[in-house]
Every structure is written in C-alpha cells, then in structure tokens.
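File shown here: run-v7.cif, holding mmCIF, C-alpha atoms.
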```cif
data_structure
#
loop_
_atom_site.label_atom_id
_atom_site.label_comp_id
_atom_site.auth_asym_id
_atom_site.auth_seq_id
_atom_site.Cartn_x
_atom_site.Cartn_y
_atom_site.Cartn_z
CA MET A 993 118.18 35.99 194.35
CA GLU A 994 118.36 38.33 197.32
CA PHE A 995 116.79 41.11 195.25
CA LEU A 996 114.02 38.77 194.11
CA LYS A 997 113.37 37.79 197.73
CA LEU A 998 113.10 41.48 198.60
CA LEU A 999 110.42 41.89 195.93
CA GLU A 1000 108.79 38.68 197.15
CA SER A 1001 108.45 40.23 200.60
CA ILE A 1002 106.42 43.22 199.34
CA ARG A 1003 103.98 41.30 197.16
CA ASN A 1004 100.29 41.93 197.61
CA PRO A 1005 97.14 41.12 195.59
CA VAL A 1006 96.98 44.57 193.95
CA LEU A 1007 100.59 44.52 192.73
CA ASP A 1008 100.25 40.85 191.75
CA ALA A 1009 97.28 41.69 189.52
CA PHE A 1010 98.93 44.84 188.10
CA PHE A 1011 102.22 43.20 187.11
CA SER A 1012 100.43 40.07 185.86
CA VAL A 1013 98.67 42.30 183.30
CA ILE A 1014 101.69 44.47 182.48
CA THR A 1015 103.90 41.45 181.76
CA HIS A 1016 101.69 40.46 178.81
CA LEU A 1017 103.02 43.51 176.93
CA GLY A 1018 106.19 41.50 176.38
CA GLU A 1019 104.46 38.73 174.43
CA GLU A 1020 104.92 37.98 170.73
CA THR A 1021 101.36 38.98 169.82
CA VAL A 1022 101.85 42.54 171.18
CA PHE A 1023 105.09 43.01 169.24
CA MET A 1024 103.52 41.69 166.05
CA LEU A 1025 100.41 43.87 166.43
CA ILE A 1026 102.40 47.06 167.04
CA GLY A 1027 104.72 46.24 164.15
CA LEU A 1028 101.75 45.74 161.81
CA ILE A 1029 99.99 48.91 163.02
CA PHE A 1030 103.08 50.92 162.09
CA PHE A 1031 103.61 49.03 158.82
CA TRP A 1032 99.99 49.41 157.70
CA CYS A 1033 98.88 52.70 159.18
CA VAL A 1034 101.71 54.89 160.48
CA ASN A 1035 104.99 54.67 158.60
CA LYS A 1036 106.16 51.77 156.45
CA LYS A 1037 109.85 52.35 157.22
CA GLN A 1038 109.22 52.46 160.95
CA GLY A 1039 107.20 49.28 160.63
CA TYR A 1040 110.15 47.52 159.00
CA TYR A 1041 112.36 48.85 161.79
CA ILE A 1042 110.17 47.48 164.59
CA LEU A 1043 109.78 44.09 162.89
CA PHE A 1044 113.51 43.78 162.14
CA VAL A 1045 114.48 44.49 165.75
CA GLY A 1046 111.84 42.07 167.04
CA PHE A 1047 112.74 39.18 164.75
CA LEU A 1048 116.50 39.55 165.14
CA GLY A 1049 116.08 39.94 168.90
CA THR A 1050 114.18 36.66 169.03
CA VAL A 1051 117.01 34.83 167.24
CA ILE A 1052 119.62 36.26 169.62
CA ASN A 1053 117.46 35.51 172.66
CA GLN A 1054 116.81 31.91 171.67
CA PHE A 1055 120.49 31.31 170.91
CA LEU A 1056 121.56 32.58 174.33
CA LYS A 1057 118.89 30.52 176.11
CA LEU A 1058 120.07 27.29 174.51
CA TRP A 1059 123.76 28.12 174.81
CA PHE A 1060 123.77 28.96 178.53
CA ARG A 1061 120.77 26.85 179.67
CA ILE A 1062 120.31 28.68 182.99
CA PRO A 1063 117.37 27.45 185.11
CA ARG A 1064 114.55 29.59 186.45
CA PRO A 1065 114.87 31.30 189.88
CA TRP A 1066 112.62 28.84 191.71
CA VAL A 1067 114.70 25.96 190.36
CA LYS A 1068 117.87 27.58 191.66
CA ASP A 1069 116.28 28.13 195.07
CA PRO A 1070 113.39 25.75 195.91
CA ASN A 1071 112.45 27.97 198.86
CA PHE A 1072 111.72 30.90 196.55
CA THR A 1073 108.10 31.35 195.41
CA ILE A 1074 106.71 33.05 192.31
CA VAL A 1075 103.36 34.63 191.53
CA GLU A 1076 101.51 31.53 190.36
CA SER A 1077 99.63 33.28 187.56
CA ALA A 1078 102.98 33.78 185.78
CA ARG A 1079 104.07 30.15 185.90
CA ALA A 1080 102.24 28.98 182.76
CA GLU A 1081 104.15 31.38 180.50
CA ALA A 1082 107.49 30.95 182.31
CA THR A 1083 108.61 27.72 180.72
CA GLY A 1084 112.09 26.65 179.70
CA TYR A 1085 115.34 28.40 180.50
CA SER A 1086 115.59 31.72 182.32
CA PHE A 1087 118.49 33.59 180.70
CA PRO A 1088 117.94 35.97 179.00
CA SER A 1089 114.40 37.30 179.44
CA GLY A 1090 112.36 37.05 176.24
CA HIS A 1091 109.55 39.28 177.54
CA THR A 1092 112.06 41.99 178.46
CA GLN A 1093 113.79 41.89 175.10
CA SER A 1094 110.53 41.91 173.16
CA SER A 1095 108.93 44.74 175.14
CA VAL A 1096 112.00 46.98 175.33
CA GLY A 1097 112.76 46.30 171.66
CA THR A 1098 109.20 47.11 170.56
CA PHE A 1099 108.44 50.13 172.73
CA GLY A 1100 112.03 51.35 172.49
CA CYS A 1101 111.70 51.36 168.69
CA VAL A 1102 108.49 53.36 168.99
CA ALA A 1103 110.21 55.91 171.24
CA ARG A 1104 113.25 56.10 168.93
CA SER A 1105 111.32 56.51 165.71
CA ARG A 1106 108.53 58.86 166.79
CA SER A 1107 108.78 62.51 167.83
CA GLU A 1108 105.51 62.77 169.80
CA LYS A 1109 106.47 63.45 173.42
CA TRP A 1110 103.45 61.69 174.94
CA LEU A 1111 104.10 58.55 172.89
CA ARG A 1112 107.76 58.52 173.86
CA ILE A 1113 106.90 58.85 177.56
CA ILE A 1114 104.37 56.01 177.45
CA SER A 1115 106.81 53.80 175.53
CA ILE A 1116 109.64 54.43 177.99
CA VAL A 1117 107.33 53.71 180.93
CA PHE A 1118 106.49 50.33 179.39
CA CYS A 1119 110.21 49.71 178.79
CA ILE A 1120 110.62 50.00 182.56
CA LEU A 1121 107.45 48.31 183.79
CA VAL A 1122 107.63 45.08 181.76
CA PRO A 1123 111.20 44.17 182.87
CA LEU A 1124 110.21 45.08 186.43
CA SER A 1125 107.18 42.80 186.14
CA ARG A 1126 109.43 39.84 185.29
CA LEU A 1127 111.41 40.47 188.47
CA TYR A 1128 108.37 41.11 190.66
CA LEU A 1129 106.60 37.97 189.43
CA GLY A 1130 109.76 36.01 190.23
CA VAL A 1131 110.25 34.42 186.83
CA HIS A 1132 113.61 36.07 186.02
CA THR A 1133 116.71 37.28 187.83
CA PRO A 1134 118.24 40.77 187.45
CA LEU A 1135 120.90 39.21 185.19
CA ASP A 1136 118.24 37.74 182.87
CA VAL A 1137 116.46 41.06 182.63
CA GLY A 1138 119.57 43.26 182.51
CA VAL A 1139 121.25 41.42 179.63
CA SER A 1140 118.05 41.40 177.57
CA LEU A 1141 117.57 45.11 178.20
CA VAL A 1142 121.12 45.89 177.06
CA ILE A 1143 120.77 43.77 173.91
CA ALA A 1144 117.46 45.46 173.03
CA VAL A 1145 118.82 48.98 173.59
CA VAL A 1146 121.91 48.27 171.47
CA MET A 1147 119.73 46.98 168.61
CA ILE A 1148 117.35 49.95 168.90
CA PHE A 1149 120.06 52.55 168.43
CA ALA A 1150 122.42 50.57 166.18
CA LEU A 1151 119.82 49.35 163.68
CA TYR A 1152 117.76 52.53 163.34
CA PRO A 1153 120.18 54.47 161.09
CA ILE A 1154 121.17 51.30 159.22
CA ILE A 1155 117.60 50.27 158.41
CA MET A 1156 116.47 53.80 157.55
CA ARG A 1157 119.35 54.22 155.11
CA ALA A 1158 118.88 50.73 153.68
CA LEU A 1159 115.25 51.51 152.88
CA GLU A 1160 116.43 54.37 150.68
CA ASN A 1161 118.46 51.97 148.55
CA LYS A 1162 117.09 48.73 147.10
CA THR A 1163 120.48 47.04 146.99
CA ALA A 1164 121.26 47.97 150.59
CA MET A 1165 117.88 46.66 151.72
CA ARG A 1166 118.44 43.39 149.91
CA ILE A 1167 121.83 43.07 151.62
CA MET A 1168 120.17 43.77 154.98
CA LEU A 1169 117.48 41.15 154.37
CA GLY A 1170 120.14 38.70 153.19
CA ILE A 1171 122.20 39.20 156.35
CA MET A 1172 119.15 38.74 158.58
CA THR A 1173 118.14 35.59 156.70
CA ALA A 1174 121.69 34.19 156.83
CA LEU A 1175 121.90 34.76 160.59
CA THR A 1176 118.61 32.94 161.06
CA VAL A 1177 119.77 30.03 158.89
CA ALA A 1178 123.00 29.87 160.91
CA TYR A 1179 120.94 29.70 164.11
CA ILE A 1180 118.77 26.87 162.69
CA ILE A 1181 121.90 24.92 161.70
CA PHE A 1182 123.23 25.44 165.25
CA VAL A 1183 120.13 24.04 166.96
CA GLU A 1184 119.85 21.17 164.50
CA VAL A 1185 123.45 19.90 164.63
CA TYR A 1186 124.96 21.07 167.94
CA PRO A 1187 125.47 18.15 170.39
CA PHE A 1188 123.33 19.40 173.28
CA PRO A 1189 123.54 17.44 176.56
CA ALA A 1190 121.00 14.70 177.20
CA ASP A 1191 119.45 16.61 180.13
CA ILE A 1192 118.53 19.64 178.06
CA ASP A 1193 115.07 21.05 178.73
CA VAL A 1194 113.05 19.45 175.92
CA HIS A 1195 110.35 22.14 175.86
CA ASN A 1196 112.87 24.96 175.60
CA PHE A 1197 114.87 23.11 172.93
CA GLU A 1198 111.81 22.45 170.79
CA SER A 1199 110.65 26.03 171.26
CA GLY A 1200 114.09 27.26 170.17
CA VAL A 1201 114.05 25.16 167.01
CA LYS A 1202 110.47 26.11 166.20
CA ASN A 1203 111.15 29.83 166.67
CA GLY A 1204 114.13 29.58 164.34
CA TYR A 1205 111.95 28.30 161.50
CA LYS A 1206 109.23 30.85 162.31
CA ILE A 1207 111.67 33.77 162.08
CA LEU A 1208 113.17 32.39 158.86
CA GLY A 1209 109.67 32.27 157.37
CA CYS A 1210 109.05 35.86 158.52
CA PHE A 1211 112.29 37.19 157.02
CA LEU A 1212 111.63 35.44 153.70
CA GLY A 1213 108.08 36.81 153.71
CA MET A 1214 109.38 40.31 154.45
CA TRP A 1215 111.87 39.97 151.61
CA LEU A 1216 109.13 39.00 149.17
CA THR A 1217 106.98 41.84 150.54
CA PHE A 1218 109.74 44.36 149.95
CA GLU A 1219 110.37 43.21 146.38
CA LEU A 1220 106.71 43.16 145.34
CA ASP A 1221 105.87 46.42 147.08
CA GLU A 1222 108.78 48.17 145.37
CA LYS A 1223 107.81 46.86 141.91
CA PHE A 1224 104.03 46.58 141.92
CA ILE A 1225 102.05 47.37 145.08
CA HIS A 1226 103.38 50.69 146.41
CA PHE A 1227 100.76 50.77 149.16
CA GLU A 1228 100.19 53.95 151.16
CA THR A 1229 99.69 54.05 154.93
CA ALA A 1230 97.61 57.26 155.00
CA ALA A 1231 93.84 56.96 155.52
CA SER A 1232 91.02 58.39 157.63
CA PRO A 1233 90.81 57.34 161.31
CA LEU A 1234 87.86 55.04 160.55
CA ALA A 1235 89.73 53.41 157.68
CA GLN A 1236 92.82 52.88 159.86
CA VAL A 1237 90.77 51.10 162.52
CA LEU A 1238 89.12 48.90 159.90
CA LYS A 1239 92.49 48.11 158.29
CA ILE A 1240 93.82 46.86 161.63
CA VAL A 1241 90.74 45.03 162.89
CA LEU A 1242 89.85 43.36 159.60
CA GLY A 1243 93.50 42.74 158.68
CA VAL A 1244 94.13 40.69 161.80
CA ILE A 1245 91.37 38.21 160.83
CA PRO A 1246 93.09 36.58 157.79
CA ILE A 1247 96.40 36.53 159.67
CA LEU A 1248 94.87 34.68 162.62
CA ALA A 1249 93.06 32.38 160.19
CA VAL A 1250 96.32 31.39 158.48
CA LYS A 1251 98.05 30.98 161.85
CA ALA A 1252 95.35 28.76 163.34
CA LEU A 1253 93.83 26.88 160.41
CA LEU A 1254 97.00 25.90 158.55
CA LYS A 1255 98.93 24.60 161.57
CA SER A 1256 97.63 21.03 161.58
CA PRO A 1257 97.52 20.55 157.77
CA LEU A 1258 101.08 21.84 157.35
CA TYR A 1259 102.39 19.64 160.16
CA ALA A 1260 100.73 16.65 158.52
CA LEU A 1261 102.16 17.62 155.14
CA CYS A 1262 105.68 18.09 156.58
CA GLY A 1263 105.62 14.92 158.67
CA GLY A 1264 105.61 16.80 161.96
CA SER A 1265 108.72 18.80 161.09
CA PHE A 1266 109.12 22.36 162.35
CA ILE A 1267 109.57 23.33 158.70
CA ALA A 1268 105.76 23.55 158.80
CA ASP A 1269 106.09 26.53 161.15
CA GLY A 1270 108.48 28.21 158.73
CA ILE A 1271 105.99 27.79 155.88
CA ARG A 1272 103.10 28.96 158.05
CA TYR A 1273 104.87 32.14 159.18
CA PHE A 1274 106.03 32.81 155.62
CA LEU A 1275 102.38 32.73 154.59
CA ILE A 1276 101.43 34.96 157.52
CA ALA A 1277 104.09 37.48 156.45
CA THR A 1278 102.90 37.45 152.83
CA VAL A 1279 99.27 37.93 153.83
CA ALA A 1280 100.26 40.81 156.12
CA GLY A 1281 102.74 42.40 153.73
CA ILE A 1282 101.32 41.67 150.27
CA ILE A 1283 97.74 40.42 150.11
CA TRP A 1284 96.09 42.65 152.73
CA PRO A 1285 97.83 45.87 151.58
CA LEU A 1286 96.27 45.35 148.15
CA THR A 1287 92.99 46.48 149.77
CA PHE A 1288 94.41 49.75 151.13
CA LYS A 1289 93.52 51.78 148.04
CA TYR A 1290 89.86 51.08 148.83
CA PHE A 1291 90.26 51.95 152.52
CA ALA A 1292 91.90 55.23 151.50
CA LYS A 1293 88.57 56.31 149.96
CA LEU A 1294 86.65 55.89 153.22
CA GLY A 1295 85.92 59.10 155.06
CA LYS A 1296 86.77 61.31 152.08
CA LYS A 1297 84.20 63.90 151.10
CA LYS A 1298 83.02 63.80 147.54
CA ALA A 1299 83.77 66.93 145.52
#
```

Full structure transcribed into structure tokens:
Amino acid sequence: MEFLKLLESIRNPVLDAFFSVITHLGEETVFMLIGLIFFWCVNKKQGYYILFVGFLGTVINQFLKLWFRIPRPWVKDPNFTIVESARAEATGYSFPSGHTQSSVGTFGCVARSRSEKWLRIISIVFCILVPLSRLYLGVHTPLDVGVSLVIAVVMIFALYPIIMRALENKTAMRIMLGIMTALTVAYIIFVEVYPFPADIDVHNFESGVKNGYKILGCFLGMWLTFELDEKFIHFETAASPLAQVLKIVLGVIPILAVKALLKSPLYALCGGSFIADGIRYFLIATVAGIIWPLTFKYFAKLGKKKA
C-alpha cells in the first residue's frame, strides 16, 4: 500500500489519461484479437500458442481469485483513492491481476514466438506498461501484479516448446487439448461444489463460474477446429496485405454477431444457466476456427497478378 500511495502522490491528468488507455491492452478482447490475427494471418501454430496461454491463464487466474478472495486496495485502506475512470472495470477480488496476466501472456507470447526485433521490443514494452498501469491506477497491489506476471512468464516459456512439439504430432496435440479441457472441467467442478463462505463477492463468484464455462467452450471449439483442419480444411495463413486486412475486419463481424445475438436466446434455452456461455463460446470458436477459414482460399486470390 505504501508503494501505491507513492504512485498516488505523483498522479496528474496526463498520466491518468495515458495509463487509462494503456490498461485496456490487458482486456479479453485484445487477447482474442491478437490470437486470431496470428491464427488467421501470421502463423497457425503461434496462434494456437497465444490462445492456449490466454485460456489456461484465465482458468488459473479465476481459481486464485476465488480461492484467496483478497479485496481491492481501496477496500483495504478506505483513505486510498484510485483513478476513477478505472473503477468500472475493477470489480471483484484483487489477487491476482487479470489484466496483467492477460497482457503479459499475450505480448510475451508474441515476443517469444517472433524473431522481429521491433516487434519484440514493442511487446516487451507493453508487458511492462500494462502491469504498471494497474498499479498507477490504484486497482491492484504489487503482490497482485507480481504473481500474475510470474505465472504468465512461466507459461510463456514452459508451454512454447510443448505446444510447438505437440502441433507436429496429432496424438500429442489431442493429449494437450485433453489436459487443457480436463483442467477447465476440474475448475468448473470446484466453483460449482466448493462451500464458499456466505460473504463471498457475488459478482466475482458469478464471473468466475461464467468464465469457466466460456473457456471450456473455447477449448472444445479449438479441439474441433484442430480435428477438422487436420482432416479437411488445411487453411493457409498466407495472403496479400489487402486480403489479410479484409480477413481480420470481415472475420470479426460474424464472431461479434454470435457473441451478441445468441446471448439472450441461449440463456433462455438453458434456463439462465452459465452453460449458455459455454455453448456460445464454443460456437464463437467454431466460427473463428472452422467456418471463417473456409473463405481463406478466396482471399488468397486477392492481390495476385493474373499470368
């Protein structure tokens, strides 16, 4: 708290605005977009790598939040103030920092998997700035940020060789997907049956349960994507710059449509159960990994000169 108060003492409108923007790089949408850009346009294996680290990191992060149930800094010390623009996204428990884990995991994967020096430098800068933004804004303590950073770095370096080798062997990849799915199911069982105390933060608990089903849907969708791509689709990531831009911009539209339009109908169909989120994210994963890539052979023709 003393370190947070030191940062509180140097706040000013310029830094407030800067870190309020930077902190958004740790959100789920940024991780998903970067993962899809790599999966669709850069390198399929590296795309799997980024998505694996992000999804598994979310499961670990949510488990630790619900297990330790540590309050936010301003709850610990009512005299401490935060940058108000950050309050809306800083709900639930504080430890560990989800934004830190997501941003370091995503940009750390980019730095680990790519050889371009400029890209590595930018990625590492973001790995520093986003965690710092969580401290500057006052929504996390150094412990929250530090533990998330360590977890993300361990996953970045430990999973890279494992995932790259698994993608060379269908059986190994299936084992990897099975392990990830089993861990997610174990987490869902934990949140559904563990006797949490009556004073648990309801918002954080519901978010933890919901995220468990979302990640399960994503892993199952990735599994189906892997199987169908190996047997039938075999989509290529290479295309002209124009085609790559169109693949990303147009590809996001059906994903957002599934995410937004199916939410209410699925909740009604599932009686309000969070299983609806699992089904919805499974469909999102299949659209992103199976249906949209079916169009890539047409995009590959754009920008090519006729003989």

Quiz prompt | Answer key for the PyMOL selection byres ((chain A and resi 1227) around 10), residues as a count of residues only | solution = 17

Quiz item: Evaluating the PyMOL selection byres ((chain A and resi 1094) around 12) on the displayed file yields which residues, as a PyMOL selection string?
Solution: chain A and resi 1015-1024+1026-1027+1042-1054+1088-1093+1095-1101+1118-1119+1122-1123+1137+1140-1145+1147-1148

With C-alpha atoms retained, write the just-selected residues as a short mmCIF file (atom, residue, chain, number, x, y, z; two decimals), in the frame of the given file.
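Produced file part-v7.cif, reproduced below:
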```cif
data_model
loop_
_atom_site.label_atom_id
_atom_site.label_comp_id
_atom_site.auth_asym_id
_atom_site.auth_seq_id
_atom_site.Cartn_x
_atom_site.Cartn_y
_atom_site.Cartn_z
CA THR A 1015 103.90 41.45 181.76
CA HIS A 1016 101.69 40.46 178.81
CA LEU A 1017 103.02 43.51 176.93
CA GLY A 1018 106.19 41.50 176.38
CA GLU A 1019 104.46 38.73 174.43
CA GLU A 1020 104.92 37.98 170.73
CA THR A 1021 101.36 38.98 169.82
CA VAL A 1022 101.85 42.54 171.18
CA PHE A 1023 105.09 43.01 169.24
CA MET A 1024 103.52 41.69 166.05
CA ILE A 1026 102.40 47.06 167.04
CA GLY A 1027 104.72 46.24 164.15
CA ILE A 1042 110.17 47.48 164.59
CA LEU A 1043 109.78 44.09 162.89
CA PHE A 1044 113.51 43.78 162.14
CA VAL A 1045 114.48 44.49 165.75
CA GLY A 1046 111.84 42.07 167.04
CA PHE A 1047 112.74 39.18 164.75
CA LEU A 1048 116.50 39.55 165.14
CA GLY A 1049 116.08 39.94 168.90
CA THR A 1050 114.18 36.66 169.03
CA VAL A 1051 117.01 34.83 167.24
CA ILE A 1052 119.62 36.26 169.62
CA ASN A 1053 117.46 35.51 172.66
CA GLN A 1054 116.81 31.91 171.67
CA PRO A 1088 117.94 35.97 179.00
CA SER A 1089 114.40 37.30 179.44
CA GLY A 1090 112.36 37.05 176.24
CA HIS A 1091 109.55 39.28 177.54
CA THR A 1092 112.06 41.99 178.46
CA GLN A 1093 113.79 41.89 175.10
CA SER A 1095 108.93 44.74 175.14
CA VAL A 1096 112.00 46.98 175.33
CA GLY A 1097 112.76 46.30 171.66
CA THR A 1098 109.20 47.11 170.56
CA PHE A 1099 108.44 50.13 172.73
CA GLY A 1100 112.03 51.35 172.49
CA CYS A 1101 111.70 51.36 168.69
CA PHE A 1118 106.49 50.33 179.39
CA CYS A 1119 110.21 49.71 178.79
CA VAL A 1122 107.63 45.08 181.76
CA PRO A 1123 111.20 44.17 182.87
CA VAL A 1137 116.46 41.06 182.63
CA SER A 1140 118.05 41.40 177.57
CA LEU A 1141 117.57 45.11 178.20
CA VAL A 1142 121.12 45.89 177.06
CA ILE A 1143 120.77 43.77 173.91
CA ALA A 1144 117.46 45.46 173.03
CA VAL A 1145 118.82 48.98 173.59
CA MET A 1147 119.73 46.98 168.61
CA ILE A 1148 117.35 49.95 168.90
#
```

Exercise. Please write as number ranges by chain the full residue list that the PyMOL selection byres ((chain A and resi 1231) around 10) yields on this file.
Key: A: 1032-1034, 1228-1230, 1232-1237, 1239, 1288-1296

Resulting file, chosen residues, C-alpha atoms, as a PDB file, in the coordinates of the input:
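The file below, result.pdb, is the result:
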```
ATOM      1  CA  TRP A1032      99.990  49.410 157.700  1.00  0.00           C
ATOM      2  CA  CYS A1033      98.880  52.700 159.180  1.00  0.00           C
ATOM      3  CA  VAL A1034     101.710  54.890 160.480  1.00  0.00           C
ATOM      4  CA  GLU A1228     100.190  53.950 151.160  1.00  0.00           C
ATOM      5  CA  THR A1229      99.690  54.050 154.930  1.00  0.00           C
ATOM      6  CA  ALA A1230      97.610  57.260 155.000  1.00  0.00           C
ATOM      7  CA  SER A1232      91.020  58.390 157.630  1.00  0.00           C
ATOM      8  CA  PRO A1233      90.810  57.340 161.310  1.00  0.00           C
ATOM      9  CA  LEU A1234      87.860  55.040 160.550  1.00  0.00           C
ATOM     10  CA  ALA A1235      89.730  53.410 157.680  1.00  0.00           C
ATOM     11  CA  GLN A1236      92.820  52.880 159.860  1.00  0.00           C
ATOM     12  CA  VAL A1237      90.770  51.100 162.520  1.00  0.00           C
ATOM     13  CA  LYS A1239      92.490  48.110 158.290  1.00  0.00           C
ATOM     14  CA  PHE A1288      94.410  49.750 151.130  1.00  0.00           C
ATOM     15  CA  LYS A1289      93.520  51.780 148.040  1.00  0.00           C
ATOM     16  CA  TYR A1290      89.860  51.080 148.830  1.00  0.00           C
ATOM     17  CA  PHE A1291      90.260  51.950 152.520  1.00  0.00           C
ATOM     18  CA  ALA A1292      91.900  55.230 151.500  1.00  0.00           C
ATOM     19  CA  LYS A1293      88.570  56.310 149.960  1.00  0.00           C
ATOM     20  CA  LEU A1294      86.650  55.890 153.220  1.00  0.00           C
ATOM     21  CA  GLY A1295      85.920  59.100 155.060  1.00  0.00           C
ATOM     22  CA  LYS A1296      86.770  61.310 152.080  1.00  0.00           C
TER      23      LYS A1296
END
```

Quiz item: Which residues, written as a PyMOL selection string, have at least one atom at most 8 Å from region 1150-1163 of chain A, with only C-alpha atoms counted and residues fewer than 3 positions away on the same chain left out?
Solution: chain A and resi 1037+1040-1041+1045+1105+1146-1147+1166-1168

Practice problem: In the coordinate frame of the file, compute which residues have an atom within 12 Å of (113.6, 39.7, 198.6) when using all atoms listed in the file, and state them as number ranges by chain. | Solution: A: 993-1003, 1071-1074, 1127-1130, 1133

Exercise. Determine, counting all atoms listed in the file, every residue of protein, DNA or RNA that lies within 9 Å of (113.8, 23.1, 176.8) in the file coordinates, then give the result as a list in words.
Key: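 Residues close enough to count: Leu1058, Arg1061, Thr1083, Gly1084, Tyr1085, Ile1192, Asp1193, Val1194, His1195, Asn1196, Phe1197, Glu1198, Ser1199 and Gly1200 of chain A.
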
Practice problem: Have a look at CA of Asn1203 (chain A) and CA of Leu1175 (chain A) and let me know their distance in Å, one decimal. | Solution: 13.3 Å

Practice problem: Find the distance between CA of Ile1180 (chain A) and CA of Leu1208 (chain A) and write it in Å to one decimal. | Solution: 8.7 Å

Quiz item: Rounded to one decimal in Å, what is the spacing between CA of Pro1070 (chain A) and CA of Gly1138 (chain A)?
Solution: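 Straight-line distance from CA of Pro1070 (chain A) to CA of Gly1138 (chain A) works out to 22.9 Å.
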
Quiz item: Which of these residues is nearest to Val1139 (chain A), using all atoms listed in the file: A:Leu1007, A:Ile1267, A:Leu1056, A:Leu1248?
Solution: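 Smallest separation from Val1139 (chain A) among the options: A:Leu1056.
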
Quiz item: Any idea what's packed within 9 Å of Gly1209 (chain A), counting all atoms listed in the file, ignoring anything in its chain fewer than 6 positions away? Could you give it as JSON, numbers by chain?
Solution: {"A": [1269, 1270, 1271, 1272, 1273, 1274, 1275, 1276, 1277]}

Self-check item: Who sits within 12 Å of Ser1256 (chain A), all atoms listed in the file, same chain under 3 positions skipped, as a ChimeraX atom specification
Solution: /A:1250-1253,1259-1266,1268-1269,1272

Can you complete the atoms of region 1147-1158 of chain A to N, CA, C and O atoms and list them as an mmCIF file, keeping the file's coordinate frame?
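What ended up in selection.cif:
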```cif
data_model
loop_
_atom_site.group_PDB
_atom_site.id
_atom_site.type_symbol
_atom_site.label_atom_id
_atom_site.label_comp_id
_atom_site.auth_asym_id
_atom_site.auth_seq_id
_atom_site.Cartn_x
_atom_site.Cartn_y
_atom_site.Cartn_z
ATOM 1 N N MET A 1147 120.367 47.174 169.913
ATOM 2 C CA MET A 1147 119.730 46.980 168.610
ATOM 3 C C MET A 1147 118.894 48.195 168.215
ATOM 4 O O MET A 1147 118.883 48.601 167.047
ATOM 5 N N ILE A 1148 118.191 48.785 169.184
ATOM 6 C CA ILE A 1148 117.350 49.950 168.900
ATOM 7 C C ILE A 1148 118.158 51.080 168.275
ATOM 8 O O ILE A 1148 117.770 51.645 167.244
ATOM 9 N N PHE A 1149 119.288 51.396 168.896
ATOM 10 C CA PHE A 1149 120.060 52.550 168.430
ATOM 11 C C PHE A 1149 121.022 52.198 167.283
ATOM 12 O O PHE A 1149 121.317 53.038 166.446
ATOM 13 N N ALA A 1150 121.487 50.948 167.247
ATOM 14 C CA ALA A 1150 122.420 50.570 166.180
ATOM 15 C C ALA A 1150 121.705 50.324 164.858
ATOM 16 O O ALA A 1150 122.213 50.687 163.788
ATOM 17 N N LEU A 1151 120.512 49.715 164.918
ATOM 18 C CA LEU A 1151 119.820 49.350 163.680
ATOM 19 C C LEU A 1151 119.011 50.486 163.077
ATOM 20 O O LEU A 1151 118.737 50.469 161.869
ATOM 21 N N TYR A 1152 118.610 51.460 163.880
ATOM 22 C CA TYR A 1152 117.760 52.530 163.340
ATOM 23 C C TYR A 1152 118.388 53.239 162.138
ATOM 24 O O TYR A 1152 117.777 53.286 161.060
ATOM 25 N N PRO A 1153 119.605 53.780 162.263
ATOM 26 C CA PRO A 1153 120.180 54.470 161.090
ATOM 27 C C PRO A 1153 120.472 53.511 159.942
ATOM 28 O O PRO A 1153 120.349 53.877 158.767
ATOM 29 N N ILE A 1154 120.852 52.278 160.274
ATOM 30 C CA ILE A 1154 121.170 51.300 159.220
ATOM 31 C C ILE A 1154 119.936 50.961 158.409
ATOM 32 O O ILE A 1154 119.953 50.972 157.172
ATOM 33 N N ILE A 1155 118.833 50.660 159.112
ATOM 34 C CA ILE A 1155 117.600 50.270 158.410
ATOM 35 C C ILE A 1155 117.010 51.441 157.646
ATOM 36 O O ILE A 1155 116.548 51.291 156.502
ATOM 37 N N MET A 1156 117.019 52.635 158.234
ATOM 38 C CA MET A 1156 116.470 53.800 157.550
ATOM 39 C C MET A 1156 117.230 54.120 156.257
ATOM 40 O O MET A 1156 116.644 54.456 155.235
ATOM 41 N N ARG A 1157 118.550 53.982 156.311
ATOM 42 C CA ARG A 1157 119.350 54.220 155.110
ATOM 43 C C ARG A 1157 119.154 53.095 154.090
ATOM 44 O O ARG A 1157 119.099 53.337 152.884
ATOM 45 N N ALA A 1158 119.058 51.864 154.583
ATOM 46 C CA ALA A 1158 118.880 50.730 153.680
ATOM 47 C C ALA A 1158 117.571 50.843 152.904
ATOM 48 O O ALA A 1158 117.501 50.469 151.719
#
```
